[in-house]
$ cat run.txt   # compact mmCIF, C-alpha atoms
# COMPACT_ATOMS: atom_id res chain seq x y z
CA MET A 1 132.16 172.26 79.19
CA PRO A 2 130.33 170.23 76.51
CA GLU A 3 130.21 171.64 73.01
CA ALA A 4 127.88 171.01 70.09
CA ILE A 5 129.84 170.56 66.87
CA LYS A 6 129.54 169.26 63.34
CA ALA A 7 132.31 166.68 63.25
CA LYS A 8 133.69 165.49 59.92
CA LEU A 9 133.80 161.71 59.54
CA ILE A 10 137.31 160.94 58.28
CA GLU A 11 137.49 157.16 58.78
CA LYS A 12 134.80 154.48 58.76
CA GLU A 13 135.61 150.83 59.37
CA TYR A 14 133.50 147.71 59.89
CA LEU A 15 135.10 145.73 62.73
CA LYS A 16 132.39 143.08 62.42
CA ASN A 17 129.23 142.88 60.31
CA ASP A 18 127.26 145.00 62.79
CA ILE A 19 130.04 146.85 64.64
CA LEU A 20 131.63 150.00 63.22
CA ARG A 21 134.46 152.31 64.18
CA PHE A 22 134.13 155.99 63.28
CA LYS A 23 136.97 158.52 63.49
CA VAL A 24 135.91 162.17 63.43
CA GLU A 25 137.55 165.57 63.56
CA ALA A 26 136.46 167.04 66.90
CA LYS A 27 139.23 169.30 68.14
CA ASN A 28 137.10 171.29 70.61
CA ILE A 29 135.77 168.13 72.26
CA VAL A 30 139.10 166.32 72.27
CA GLN A 31 140.85 169.17 74.11
CA THR A 32 138.84 168.58 77.30
CA ALA A 33 137.77 164.92 76.95
CA LYS A 34 139.02 162.31 79.42
CA PRO A 35 138.86 158.53 79.68
CA GLY A 36 135.32 157.59 80.65
CA ASN A 37 133.61 160.47 78.80
CA PHE A 38 130.96 159.91 76.16
CA ILE A 39 129.31 161.85 73.36
CA GLU A 40 125.72 162.19 72.18
CA ILE A 41 125.00 161.97 68.47
CA ARG A 42 122.09 163.15 66.36
CA VAL A 43 121.93 160.41 63.74
CA THR A 44 120.00 162.38 61.10
CA ASP A 45 119.42 166.02 60.13
CA THR A 46 115.72 165.67 60.94
CA THR A 47 113.81 165.20 64.20
CA GLU A 48 113.33 161.50 63.47
CA PRO A 49 114.54 159.83 65.57
CA PHE A 50 114.14 162.63 68.09
CA LEU A 51 116.64 161.54 70.75
CA ARG A 52 120.41 161.61 70.38
CA ARG A 53 122.35 158.36 70.81
CA PRO A 54 124.89 158.29 73.69
CA ILE A 55 128.09 156.51 72.68
CA SER A 56 131.29 156.07 74.65
CA ILE A 57 134.56 157.53 73.42
CA TYR A 58 136.94 154.76 72.38
CA ASN A 59 140.11 156.70 71.49
CA LEU A 60 141.34 160.29 71.72
CA GLU A 61 144.17 161.73 69.64
CA LYS A 62 144.87 165.12 71.22
CA GLU A 63 147.50 166.27 68.72
CA GLU A 64 145.35 165.34 65.72
CA GLY A 65 142.19 166.71 67.30
CA THR A 66 140.32 163.48 66.49
CA LEU A 67 138.24 161.05 68.45
CA GLU A 68 137.02 157.56 67.68
CA PHE A 69 133.88 155.80 68.80
CA ILE A 70 132.67 152.28 68.17
CA PHE A 71 129.04 151.21 68.07
CA GLN A 72 126.90 148.21 67.29
CA ILE A 73 123.88 148.42 65.01
CA LYS A 74 121.01 147.58 67.36
CA GLY A 75 118.03 149.51 66.01
CA GLU A 76 116.88 152.27 63.70
CA GLY A 77 119.04 155.00 65.23
CA THR A 78 122.32 153.15 64.99
CA ARG A 79 121.32 151.78 61.57
CA LEU A 80 120.92 155.34 60.31
CA LEU A 81 124.24 156.35 61.88
CA SER A 82 125.94 153.44 60.12
CA LYS A 83 124.90 154.92 56.74
CA LYS A 84 127.17 157.95 57.24
CA GLN A 85 130.04 158.13 54.77
CA GLU A 86 133.55 159.53 55.03
CA GLY A 87 133.32 163.29 54.49
CA ASP A 88 129.87 163.57 56.07
CA LEU A 89 129.30 165.86 59.04
CA ILE A 90 127.95 164.35 62.25
CA ASP A 91 126.12 166.42 64.90
CA ILE A 92 127.89 165.64 68.18
CA VAL A 93 127.65 167.02 71.72
CA GLY A 94 130.48 166.32 74.15
CA PRO A 95 132.42 165.52 76.14
CA LEU A 96 129.76 164.33 78.57
CA GLY A 97 129.91 162.44 81.85
CA MET A 98 132.33 162.78 84.69
CA GLY A 99 135.24 160.87 83.18
CA THR A 100 135.34 158.93 86.41
CA PHE A 101 138.45 156.81 85.75
CA LYS A 102 141.13 158.29 88.06
CA LEU A 103 144.53 156.63 88.19
CA ASN A 104 145.65 158.40 91.39
CA ASN A 105 148.84 156.77 92.69
CA TYR A 106 147.97 153.23 91.68
CA GLN A 107 150.84 151.45 89.93
CA ASN A 108 149.46 147.94 89.31
CA ILE A 109 146.01 148.29 87.77
CA ALA A 110 143.51 145.88 86.31
CA VAL A 111 141.08 146.79 83.54
CA ILE A 112 138.17 144.42 82.93
CA GLY A 113 135.32 144.43 80.43
CA GLY A 114 133.26 142.24 78.17
CA GLY A 115 131.68 142.41 74.73
CA ILE A 116 130.86 145.95 73.62
CA GLY A 117 131.74 147.12 77.13
CA VAL A 118 135.45 146.97 76.27
CA PHE A 119 135.37 150.07 74.02
CA PRO A 120 135.44 152.79 76.74
CA LEU A 121 138.33 151.02 78.48
CA TYR A 122 140.86 151.52 75.69
CA GLU A 123 141.53 155.23 76.29
CA LEU A 124 142.00 154.56 80.01
CA SER A 125 144.42 151.71 79.29
CA LYS A 126 146.34 153.83 76.78
CA GLU A 127 146.72 156.73 79.22
CA ALA A 128 147.79 154.44 82.06
CA ASN A 129 150.35 152.77 79.82
CA LYS A 130 151.76 156.18 78.81
CA GLU A 131 152.28 156.92 82.51
CA ASN A 132 154.25 153.66 82.88
CA ARG A 133 151.65 151.96 85.06
CA ASN A 134 151.49 148.16 85.00
CA VAL A 135 148.28 147.66 83.02
CA ASN A 136 146.69 144.21 83.26
CA ILE A 137 143.69 143.80 80.97
CA TYR A 138 141.01 141.10 81.16
CA LEU A 139 138.52 140.96 78.29
CA GLY A 140 135.65 138.51 77.95
CA PHE A 141 133.68 137.66 74.82
CA ARG A 142 130.95 135.23 73.88
CA ASP A 143 133.05 133.32 71.34
CA LYS A 144 135.94 133.66 68.87
CA GLU A 145 133.77 135.47 66.30
CA ASN A 146 133.08 138.28 68.78
CA VAL A 147 136.66 138.98 69.90
CA LEU A 148 137.54 142.61 69.12
CA LEU A 149 140.54 144.95 69.45
CA GLU A 150 142.94 142.31 70.74
CA ASP A 151 146.01 143.91 69.12
CA GLU A 152 145.02 147.40 70.25
CA PHE A 153 144.70 146.35 73.89
CA LYS A 154 147.84 144.23 73.73
CA ASN A 155 149.82 147.30 72.68
CA VAL A 156 148.79 149.26 75.80
CA SER A 157 149.13 146.54 78.44
CA LYS A 158 151.69 144.59 80.40
CA LYS A 159 149.37 141.60 80.44
CA LEU A 160 146.31 140.83 78.30
CA VAL A 161 143.95 137.95 79.01
CA ILE A 162 141.18 137.04 76.56
CA THR A 163 138.40 134.69 77.61
CA THR A 164 135.44 133.28 75.72
CA ASP A 165 132.33 131.73 77.17
CA ASN A 166 132.64 128.60 75.01
CA GLY A 167 136.44 128.32 74.83
CA THR A 168 136.69 128.88 71.07
CA TYR A 169 139.42 131.48 71.70
CA GLY A 170 141.70 132.33 74.59
CA ILE A 171 140.75 130.84 77.95
CA LYS A 172 137.38 129.18 78.42
CA GLY A 173 135.35 130.93 81.08
CA PHE A 174 134.84 134.47 82.29
CA ALA A 175 137.30 137.35 82.50
CA ILE A 176 136.52 137.96 86.17
CA GLU A 177 137.68 134.43 87.03
CA GLU A 178 141.11 135.21 85.54
CA LEU A 179 141.27 138.56 87.33
CA GLU A 180 140.54 136.88 90.65
CA LYS A 181 143.71 134.79 90.24
CA ASP A 182 145.82 137.96 90.06
CA LEU A 183 144.11 140.16 92.66
CA SER A 184 146.94 139.89 95.19
CA ASN A 185 149.15 141.82 92.73
CA ILE A 186 146.57 144.49 91.83
CA ASP A 187 146.17 147.91 93.46
CA CYS A 188 142.91 148.94 91.77
CA VAL A 189 140.35 147.50 89.35
CA TYR A 190 138.66 149.55 86.61
CA ALA A 191 135.52 148.31 84.88
CA CYS A 192 132.77 149.66 82.68
CA ARG A 193 129.11 148.77 82.31
CA THR A 194 127.85 149.65 78.85
CA THR A 195 124.32 149.57 77.49
CA SER A 196 123.45 149.22 73.82
CA TYR A 197 121.27 151.93 72.36
CA ALA A 198 119.04 151.52 69.35
$ encode --input "run.txt" --output "structure tokens"
Amino acid sequence: MPEAIKAKLIEKEYLKNDILRFKVEAKNIVQTAKPGNFIEIRVTDTTEPFLRRPISIYNLEKEEGTLEFIFQIKGEGTRLLSKKQEGDLIDIVGPLGMGTFKLNNYQNIAVIGGGIGVFPLYELSKEANKENRNVNIYLGFRDKENVLLEDEFKNVSKKLVITTDNGTYGIKGFAIEELEKDLSNIDCVYACRTTSYA
């Protein structure tokens, strides 16, 4: 059941100039959250902007009672959210969504994503790795400057492939092309389509 909480921002980090990682205390949400869930955030204490911003959960730490989310500054809402400082309270509702990533009995899994769409895939990869599944991850980015979370994904995978459109880092081309080469050894493929919100 989703809950509305005031979550304390305990870590704020710029991963790139316009991409931030927030870590918040959210014990009640973390207890029931699953890979694939998201949260909705009111970015100010006023009615402007009126709508909450939906953002995928990047990482859950059940014992700590914390969750992390990563977002890109794309408009006024996310710009206002980026102004939050450590110690501030953030109005969050969650967990939301079905958490549709189900590992079932699959042993050899592939996880594929690109750009900002890689963020929701980390918690899934981490959980699969904890269960001793063979986690093969394929991440695609525009160029070297946009590569994110390489070390984090490497730590939760058996195999990590990074591609860039222009070949400035990793393999030149698209992540799906590299996945296609390995499909005969894969039981199931997990992917995520993410939309940026202003």
$ residues_near_point --input "run.txt" --point "(117.9, 153.3, 72.1)" --cutoff "12 Å" --atoms "only C-alpha atoms" --output "ChimeraX atom specification"
/A:40-41,43,49-55,72-79,195-198
$ closest_residue --input "run.txt" --among "A:Val93, A:Ile19, A:Ile176, A:Ile57" --to "A:Ala7" --atoms "all atoms listed in the file"
A:Val93
$ closest_residue --input "run.txt" --among "A:Ala110, A:Ile70, A:Ile90, A:Val24" --to "A:Leu160" --atoms "all atoms listed in the file"
A:Ala110
$ residues_near_point --input "run.txt" --point "(135.0, 165.3, 66.4)" --cutoff "7 Å" --atoms "all atoms listed in the file" --output "number ranges by chain"
A: 7-8, 24-27, 29, 66-67
$ closest_residue --input "run.txt" --among "A:Ile171, A:Val161, A:Leu103, A:Ile109" --to "A:Ile186" --atoms "all atoms listed in the file"
A:Ile109
$ atom_distance --input "run.txt" --atom1 "atom CA of A:Tyr14" --atom2 "atom CA of A:Phe141"
18.0 Å
$ closest_residue --input "run.txt" --among "A:Cys192, A:Ile5, A:Leu149, A:Leu96" --to "A:Leu124" --atoms "all atoms listed in the file"
A:Cys192
$ atom_distance --input "run.txt" --atom1 "atom CA of A:Tyr169" --atom2 "atom CA of A:Leu139"
11.6 Å
$ atom_distance --input "run.txt" --atom1 "atom CA of A:Phe38" --atom2 "atom CA of A:Glu68"
10.7 Å
$ closest_residue --input "run.txt" --among "A:Asp88, A:Arg133, A:Met1, A:Gly140" --to "A:Asn104" --atoms "all atoms listed in the file"
A:Arg133
